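Student: Provided herewith: run.pdb, PDB, C-alpha atoms.
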MODEL        1
ATOM      1  CA  MET A  32      26.254 -18.240 -22.834
ATOM      2  CA  GLY A  33      24.231 -16.891 -25.733
ATOM      3  CA  ARG A  34      24.941 -15.960 -29.275
ATOM      4  CA  GLU A  35      28.466 -14.938 -30.250
ATOM      5  CA  ARG A  36      28.779 -11.313 -31.269
ATOM      6  CA  PRO A  37      30.255 -10.699 -34.714
ATOM      7  CA  GLN A  38      33.743  -9.285 -34.871
ATOM      8  CA  ILE A  39      34.142  -5.663 -35.926
ATOM      9  CA  GLU A  40      35.456  -6.756 -39.334
ATOM     10  CA  ASP A  41      32.171  -8.619 -39.976
ATOM     11  CA  ARG A  42      30.072  -5.554 -39.306
ATOM     12  CA  PRO A  43      28.952  -3.324 -42.169
ATOM     13  CA  GLN A  44      31.029  -0.261 -42.864
ATOM     14  CA  LEU A  45      29.336   2.787 -41.407
ATOM     15  CA  ASP A  46      30.878   5.625 -43.363
ATOM     16  CA  ALA A  47      29.081   5.543 -46.711
ATOM     17  CA  PRO A  48      26.819   8.576 -47.221
ATOM     18  CA  LEU A  49      23.065   8.287 -47.484
ATOM     19  CA  VAL A  50      21.859   9.716 -50.780
ATOM     20  CA  ASP A  51      18.602  11.624 -51.095
ATOM     21  CA  ALA A  52      16.643   9.079 -53.087
ATOM     22  CA  PRO A  53      13.747   6.780 -52.257
ATOM     23  CA  LEU A  54      14.647   3.384 -50.864
ATOM     24  CA  ALA A  55      15.270   1.168 -53.881
ATOM     25  CA  ALA A  56      13.728  -2.297 -54.059
ATOM     26  CA  ASP A  57      17.109  -4.042 -54.158
ATOM     27  CA  GLU A  58      18.347  -1.966 -51.209
ATOM     28  CA  ALA A  59      15.247  -2.886 -49.234
ATOM     29  CA  SER A  60      15.614  -6.616 -49.834
ATOM     30  CA  ALA A  61      19.351  -7.306 -49.707
ATOM     31  CA  GLY A  62      21.323  -4.106 -49.347
ATOM     32  CA  VAL A  63      22.715  -2.158 -46.484
ATOM     33  CA  LEU A  64      21.148   1.193 -45.629
ATOM     34  CA  GLN A  65      23.731   3.530 -44.080
ATOM     35  CA  TRP A  66      23.395   7.076 -42.803
ATOM     36  CA  THR A  67      25.002   9.643 -40.563
ATOM     37  CA  ALA A  68      23.047  11.683 -38.034
ATOM     38  CA  HIS A  69      24.542  14.901 -36.701
ATOM     39  CA  PRO A  70      22.000  16.768 -34.567
ATOM     40  CA  LEU A  71      24.248  19.826 -34.184
ATOM     41  CA  ARG A  72      24.147  20.391 -37.957
ATOM     42  CA  GLN A  73      20.384  19.885 -38.080
ATOM     43  CA  HIS A  74      19.648  22.123 -35.071
ATOM     44  CA  ARG A  75      22.220  24.904 -35.059
ATOM     45  CA  ALA A  76      20.184  27.157 -32.733
ATOM     46  CA  ARG A  77      19.992  24.391 -30.139
ATOM     47  CA  GLY A  78      23.736  23.926 -30.526
ATOM     48  CA  VAL A  79      24.417  27.594 -29.854
ATOM     49  CA  LEU A  80      22.132  27.434 -26.801
ATOM     50  CA  ALA A  81      23.836  24.269 -25.516
ATOM     51  CA  ILE A  82      27.288  25.789 -25.914
ATOM     52  CA  ALA A  83      26.137  28.972 -24.151
ATOM     53  CA  VAL A  84      24.749  26.932 -21.238
ATOM     54  CA  ILE A  85      27.972  24.910 -20.972
ATOM     55  CA  ILE A  86      30.113  28.063 -20.990
ATOM     56  CA  GLY A  87      27.761  29.709 -18.480
ATOM     57  CA  CYS A  88      28.045  26.712 -16.154
ATOM     58  CA  GLY A  89      31.802  26.798 -16.536
ATOM     59  CA  LEU A  90      31.910  30.499 -15.636
ATOM     60  CA  MET A  91      29.723  29.935 -12.571
ATOM     61  CA  VAL A  92      31.961  27.099 -11.404
ATOM     62  CA  ALA A  93      35.137  29.097 -12.084
ATOM     63  CA  THR A  94      33.964  32.104 -10.086
ATOM     64  CA  SER A  95      32.897  30.024  -7.098
ATOM     65  CA  PHE A  96      36.510  29.242  -6.101
ATOM     66  CA  LYS A  97      38.818  31.581  -4.222
ATOM     67  CA  THR A  98      41.880  30.869  -6.337
ATOM     68  CA  PRO A  99      41.584  31.518 -10.078
ATOM     69  CA  LEU A 100      43.694  28.506 -11.069
ATOM     70  CA  THR A 101      41.557  26.069  -9.070
ATOM     71  CA  GLY A 102      38.412  27.648 -10.473
ATOM     72  CA  LEU A 103      39.660  27.339 -14.058
ATOM     73  CA  LEU A 104      40.720  23.704 -13.597
ATOM     74  CA  VAL A 105      37.455  22.638 -11.983
ATOM     75  CA  ALA A 106      35.415  24.638 -14.524
ATOM     76  CA  GLY A 107      37.343  23.036 -17.388
ATOM     77  CA  GLY A 108      36.621  19.597 -15.940
ATOM     78  CA  ALA A 109      32.941  20.424 -15.468
ATOM     79  CA  MET A 110      32.630  21.684 -19.046
ATOM     80  CA  ALA A 111      34.421  18.566 -20.345
ATOM     81  CA  VAL A 112      31.947  16.343 -18.464
ATOM     82  CA  LEU A 113      29.018  18.265 -19.936
ATOM     83  CA  LEU A 114      30.459  17.967 -23.456
ATOM     84  CA  LEU A 115      31.039  14.218 -22.995
ATOM     85  CA  THR A 116      27.477  13.661 -21.828
ATOM     86  CA  LEU A 117      26.222  15.492 -24.918
ATOM     87  CA  ASN A 118      28.568  13.734 -27.358
ATOM     88  CA  ARG A 119      25.719  12.318 -29.463
ATOM     89  CA  PHE A 120      24.470  15.839 -30.076
ATOM     90  CA  PHE A 121      27.804  17.500 -30.822
ATOM     91  CA  LEU A 122      29.474  14.705 -32.809
ATOM     92  CA  PRO A 123      28.143  12.623 -35.738
ATOM     93  CA  SER A 124      26.708   9.156 -35.191
ATOM     94  CA  ARG A 125      26.727   6.506 -37.922
ATOM     95  CA  PHE A 126      24.122   3.798 -38.416
ATOM     96  CA  ALA A 127      23.701   0.846 -40.759
ATOM     97  CA  ILE A 128      20.793  -1.504 -41.355
ATOM     98  CA  ASP A 129      21.276  -4.872 -43.026
ATOM     99  CA  ASP A 130      19.281  -8.108 -43.189
ATOM    100  CA  GLU A 131      20.733  -9.389 -39.911
ATOM    101  CA  GLY A 132      20.427  -6.312 -37.709
ATOM    102  CA  ILE A 133      21.241  -2.702 -37.050
ATOM    103  CA  SER A 134      24.632  -1.216 -36.158
ATOM    104  CA  ALA A 135      25.418   2.082 -34.503
ATOM    105  CA  ALA A 136      28.749   3.837 -34.131
ATOM    106  CA  TRP A 137      28.630   6.735 -31.705
ATOM    107  CA  PRO A 138      31.694   8.736 -30.711
ATOM    108  CA  LEU A 139      32.180   6.775 -27.469
ATOM    109  CA  LYS A 140      30.444   3.453 -28.194
ATOM    110  CA  ARG A 141      29.563   0.882 -30.848
ATOM    111  CA  GLN A 142      26.498  -1.331 -30.711
ATOM    112  CA  ARG A 143      24.859  -3.997 -32.855
ATOM    113  CA  LEU A 144      21.462  -5.616 -32.370
ATOM    114  CA  CYS A 145      19.984  -8.514 -34.334
ATOM    115  CA  TRP A 146      16.440  -8.231 -35.668
ATOM    116  CA  ALA A 147      15.491 -11.508 -33.960
ATOM    117  CA  ASP A 148      16.253  -9.980 -30.546
ATOM    118  CA  LEU A 149      14.114  -6.854 -31.001
ATOM    119  CA  ARG A 150      10.557  -6.665 -29.661
ATOM    120  CA  ARG A 151       9.465  -3.021 -29.866
ATOM    121  CA  PHE A 152      10.106   0.091 -31.955
ATOM    122  CA  ALA A 153       8.961   3.441 -30.557
ATOM    123  CA  HIS A 154       9.809   6.570 -32.551
ATOM    124  CA  ASP A 155       9.071  10.165 -33.427
ATOM    125  CA  ASP A 156      10.276  12.252 -36.383
ATOM    126  CA  GLU A 157      13.881  12.612 -35.191
ATOM    127  CA  GLY A 158      14.756   9.301 -33.610
ATOM    128  CA  GLY A 159      13.545   6.102 -32.100
ATOM    129  CA  PHE A 160      14.233   3.351 -29.642
ATOM    130  CA  LEU A 161      14.592  -0.271 -30.654
ATOM    131  CA  SER A 162      13.932  -2.376 -27.579
ATOM    132  CA  THR A 163      14.678  -5.969 -26.708
ATOM    133  CA  ARG A 164      11.782  -5.800 -24.214
ATOM    134  CA  ALA A 165       8.201  -6.295 -25.326
ATOM    135  CA  ASN A 166       6.809  -3.826 -22.790
ATOM    136  CA  PRO A 167       8.144  -0.363 -21.941
ATOM    137  CA  THR A 168       9.733   0.145 -18.544
ATOM    138  CA  ARG A 169       9.658   3.178 -16.286
ATOM    139  CA  TRP A 170      13.228   2.638 -15.132
ATOM    140  CA  GLN A 171      15.601   4.733 -17.248
ATOM    141  CA  LEU A 172      18.558   2.431 -16.584
ATOM    142  CA  LEU A 173      16.678  -0.587 -17.952
ATOM    143  CA  ARG A 174      15.664   1.367 -21.053
ATOM    144  CA  SER A 175      19.237   2.050 -22.048
ATOM    145  CA  VAL A 176      20.400  -1.507 -21.344
ATOM    146  CA  GLY A 177      17.611  -3.200 -23.274
ATOM    147  CA  GLY A 178      17.903  -1.613 -26.684
ATOM    148  CA  MET A 179      19.322   1.064 -28.942
ATOM    149  CA  HIS A 180      18.568   4.730 -29.491
ATOM    150  CA  VAL A 181      18.576   5.514 -33.217
ATOM    151  CA  LEU A 182      18.866   9.008 -34.685
ATOM    152  CA  PHE A 183      17.218   9.180 -38.102
ATOM    153  CA  GLY A 184      19.242  12.039 -39.545
ATOM    154  CA  PRO A 185      18.043  14.006 -42.583
ATOM    155  CA  ARG A 186      15.608  11.366 -43.926
ATOM    156  CA  PRO A 187      13.536   9.911 -41.102
ATOM    157  CA  ALA A 188      10.838   8.410 -43.338
ATOM    158  CA  VAL A 189      13.365   6.233 -45.193
ATOM    159  CA  VAL A 190      14.941   4.944 -41.984
ATOM    160  CA  ILE A 191      11.589   4.281 -40.279
ATOM    161  CA  GLN A 192      10.402   2.430 -43.387
ATOM    162  CA  ALA A 193      13.560   0.286 -43.472
ATOM    163  CA  ILE A 194      13.261  -0.634 -39.786
ATOM    164  CA  LYS A 195       9.540  -1.423 -39.989
ATOM    165  CA  ARG A 196      10.082  -3.539 -43.094
ATOM    166  CA  ARG A 197      12.474  -5.773 -41.179
ATOM    167  CA  LEU A 198      10.284  -5.840 -38.070
ATOM    168  CA  PRO A 199       6.722  -6.299 -39.369
ATOM    169  CA  GLU A 200       5.393  -7.775 -36.104
ATOM    170  CA  VAL A 201       6.924  -5.142 -33.826
ATOM    171  CA  SER A 202       4.550  -2.811 -31.983
ATOM    172  CA  ALA A 203       5.084   0.952 -32.144
TER     173      ALA A 203
ENDMDL
END
Show this structure as structure tokens.
Tutor:
Amino acid sequence: MGRERPQIEDRPQLDAPLVDAPLAADEASAGVLQWTAHPLRQHRARGVLAIAVIIGCGLMVATSFKTPLTGLLVAGGAMAVLLLTLNRFFLPSRFAIDDEGISAAWPLKRQRLCWADLRRFAHDDEGGFLSTRANPTRWQLLRSVGGMHVLFGPRPAVVIQAIKRRLPEVSA
């Protein structure tokens, strides 16, 4: 039934900081590149706007009920759902690249993909998508199932270079 997934203990540790230095030759060939991406810290104005929108939605929901207690409970639930859906923006995500693959640790999920399984790497300056499908799909559900969204953090050029080095035949 396919390749066995490595146990969590076998995965690289994802909490070492990424230093602001060029990618060293030994790191590129045998090391593990690790970094943390925290979009809220990089885009504080967007964070303030997102929080204002969430609070505004909560207030609209709260005032739409006749009883204040019901309105507050439903509004609290609605705001919690909005915060959970935006967890990758509000909370830090950790990534690691090694010779076998790439690992991601988001607040609500962990994922690991092997380089041999990846077929496509599409990216911009803030993040990218590593896909197990050779061709892009229009169906959003299939996009999320067939790959990994990677946030590059403070040094996108270093991360893009490290991914491309391990996937020389991958199309952008």
Student: With all atoms listed in the file as the atoms that count, which of A:Ala136, A:Gly108, A:Pro187, A:Phe120 lies nearest to A:His74?
Tutor: A:Phe120
Student: From the list A:Phe152, A:Phe160, A:Trp146, A:Phe96, which residue is nearest A:Ile128 when using all atoms listed in the file?
Tutor: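 The shortest atom-to-atom distance to A:Ile128 comes from A:Trp146.
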Student: When you draw a straight line from atom CA of A:His180 to atom CA of A:Ala109, how long is it in Å?
Tutor: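 Between atom CA of A:His180 and atom CA of A:Ala109 the gap works out to 25.5 Å.
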Student: Identify all residues satisfying the PyMOL selection byres ((chain A and resi 131) around 10) in the given file; provide them as a list in words.
Tutor: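 Selected by the PyMOL selection byres ((chain A and resi 131) around 10) in this file: Val63, Ile128, Asp129, Asp130, Gly132, Ile133, Ser134, Arg143, Leu144, Cys145, Trp146, Ala147 and Arg197 of chain A.
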Student: Skip stretch 154-158 of chain A itself and residues of its chain fewer than 3 positions away, then list as a PyMOL selection string all residues within 6 Å of it, counting all atoms listed in the file.
Tutor: chain A and resi 181-183
Student: Record the distance separating atom CA of A:Ile85 and atom CA of A:Asn118, expressed in Å with one decimal.
Tutor: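 That distance, rounded to one decimal, is 12.9 Å.
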Student: Could you tell me which of A:Leu198, A:Leu115, A:Val190, A:Leu122 comes closest to A:Asp148 if we count only C-alpha atoms?
Tutor: A:Leu198
Student: With distances taken over all atoms listed in the file, which residue among A:Val112, A:Ala68, A:Ile194, A:Ala76 lies nearest A:Gly89?
Tutor: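 The closest residue to A:Gly89 is A:Val112.
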Student: Please report the interatomic distance between atom CA of A:Phe126 and atom CA of A:Gln65 in Å with one decimal.
Tutor: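 So the two atoms, atom CA of A:Phe126 and atom CA of A:Gln65, lie 5.7 Å apart.
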Student: Rebuild stretch 140-170 of chain A to N, CA and C atoms - output it as a CSV table (one decimal), keeping the file's coordinate frame, please.
Tutor:
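Output file selection27.csv follows:
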chain,number,residue,atom,x,y,z
A,140,LYS,N,31.0,4.8,-28.3
A,140,LYS,CA,30.4,3.5,-28.2
A,140,LYS,C,30.0,2.9,-29.6
A,141,ARG,N,30.1,1.6,-29.7
A,141,ARG,CA,29.6,0.9,-30.8
A,141,ARG,C,28.6,-0.2,-30.3
A,142,GLN,N,27.5,-0.4,-31.1
A,142,GLN,CA,26.5,-1.3,-30.7
A,142,GLN,C,25.9,-2.0,-31.9
A,143,ARG,N,25.5,-3.3,-31.8
A,143,ARG,CA,24.9,-4.0,-32.9
A,143,ARG,C,23.8,-4.9,-32.2
A,144,LEU,N,22.6,-4.8,-32.8
A,144,LEU,CA,21.5,-5.6,-32.4
A,144,LEU,C,20.9,-6.4,-33.6
A,145,CYS,N,20.6,-7.7,-33.3
A,145,CYS,CA,20.0,-8.5,-34.3
A,145,CYS,C,18.5,-8.3,-34.4
A,146,TRP,N,17.9,-8.4,-35.5
A,146,TRP,CA,16.4,-8.2,-35.7
A,146,TRP,C,15.7,-9.2,-34.8
A,147,ALA,N,16.2,-10.5,-34.7
A,147,ALA,CA,15.5,-11.5,-34.0
A,147,ALA,C,15.4,-11.2,-32.5
A,148,ASP,N,16.3,-10.3,-32.0
A,148,ASP,CA,16.3,-10.0,-30.5
A,148,ASP,C,15.3,-8.8,-30.2
A,149,LEU,N,14.9,-8.1,-31.2
A,149,LEU,CA,14.1,-6.9,-31.0
A,149,LEU,C,12.6,-7.1,-30.9
A,150,ARG,N,12.0,-6.4,-29.9
A,150,ARG,CA,10.6,-6.7,-29.7
A,150,ARG,C,9.7,-5.4,-29.9
A,151,ARG,N,10.3,-4.2,-29.8
A,151,ARG,CA,9.5,-3.0,-29.9
A,151,ARG,C,10.2,-1.9,-30.5
A,152,PHE,N,9.5,-1.1,-31.3
A,152,PHE,CA,10.1,0.1,-32.0
A,152,PHE,C,9.2,1.3,-31.7
A,153,ALA,N,9.7,2.2,-30.8
A,153,ALA,CA,9.0,3.4,-30.6
A,153,ALA,C,9.8,4.6,-31.2
A,154,HIS,N,9.1,5.5,-31.9
A,154,HIS,CA,9.8,6.6,-32.6
A,154,HIS,C,9.0,7.8,-32.7
A,155,ASP,N,9.7,8.9,-33.0
A,155,ASP,CA,9.1,10.2,-33.4
A,155,ASP,C,9.8,10.6,-34.7
A,156,ASP,N,9.7,11.8,-35.1
A,156,ASP,CA,10.3,12.3,-36.4
A,156,ASP,C,11.8,12.4,-36.4
A,157,GLU,N,12.4,12.4,-35.2
A,157,GLU,CA,13.9,12.6,-35.2
A,157,GLU,C,14.7,11.4,-34.8
A,158,GLY,N,14.0,10.5,-34.1
A,158,GLY,CA,14.8,9.3,-33.6
A,158,GLY,C,13.8,8.3,-33.0
A,159,GLY,N,14.4,7.2,-32.6
A,159,GLY,CA,13.5,6.1,-32.1
A,159,GLY,C,14.3,5.2,-31.2
A,160,PHE,N,13.6,4.3,-30.6
A,160,PHE,CA,14.2,3.4,-29.6
A,160,PHE,C,13.8,2.0,-30.1
A,161,LEU,N,14.8,1.1,-30.4
A,161,LEU,CA,14.6,-0.3,-30.7
A,161,LEU,C,14.8,-1.0,-29.4
A,162,SER,N,13.8,-1.7,-28.9
A,162,SER,CA,13.9,-2.4,-27.6
A,162,SER,C,13.9,-3.9,-27.7
A,163,THR,N,14.7,-4.5,-26.8
A,163,THR,CA,14.7,-6.0,-26.7
A,163,THR,C,13.6,-6.4,-25.7
A,164,ARG,N,12.9,-5.5,-25.1
A,164,ARG,CA,11.8,-5.8,-24.2
A,164,ARG,C,10.4,-5.6,-24.9
A,165,ALA,N,9.5,-6.4,-24.7
A,165,ALA,CA,8.2,-6.3,-25.3
A,165,ALA,C,7.4,-5.1,-24.7
A,166,ASN,N,7.6,-4.9,-23.5
A,166,ASN,CA,6.8,-3.8,-22.8
A,166,ASN,C,7.8,-2.7,-22.3
A,167,PRO,N,7.3,-1.5,-22.4
A,167,PRO,CA,8.1,-0.4,-21.9
A,167,PRO,C,8.3,-0.4,-20.4
A,168,THR,N,9.5,0.1,-20.0
A,168,THR,CA,9.7,0.1,-18.5
A,168,THR,C,9.9,1.6,-18.1
A,169,ARG,N,9.5,1.8,-16.8
A,169,ARG,CA,9.7,3.2,-16.3
A,169,ARG,C,11.1,3.5,-15.8
A,170,TRP,N,11.9,2.5,-15.7
A,170,TRP,CA,13.2,2.6,-15.1
A,170,TRP,C,14.2,3.0,-16.3
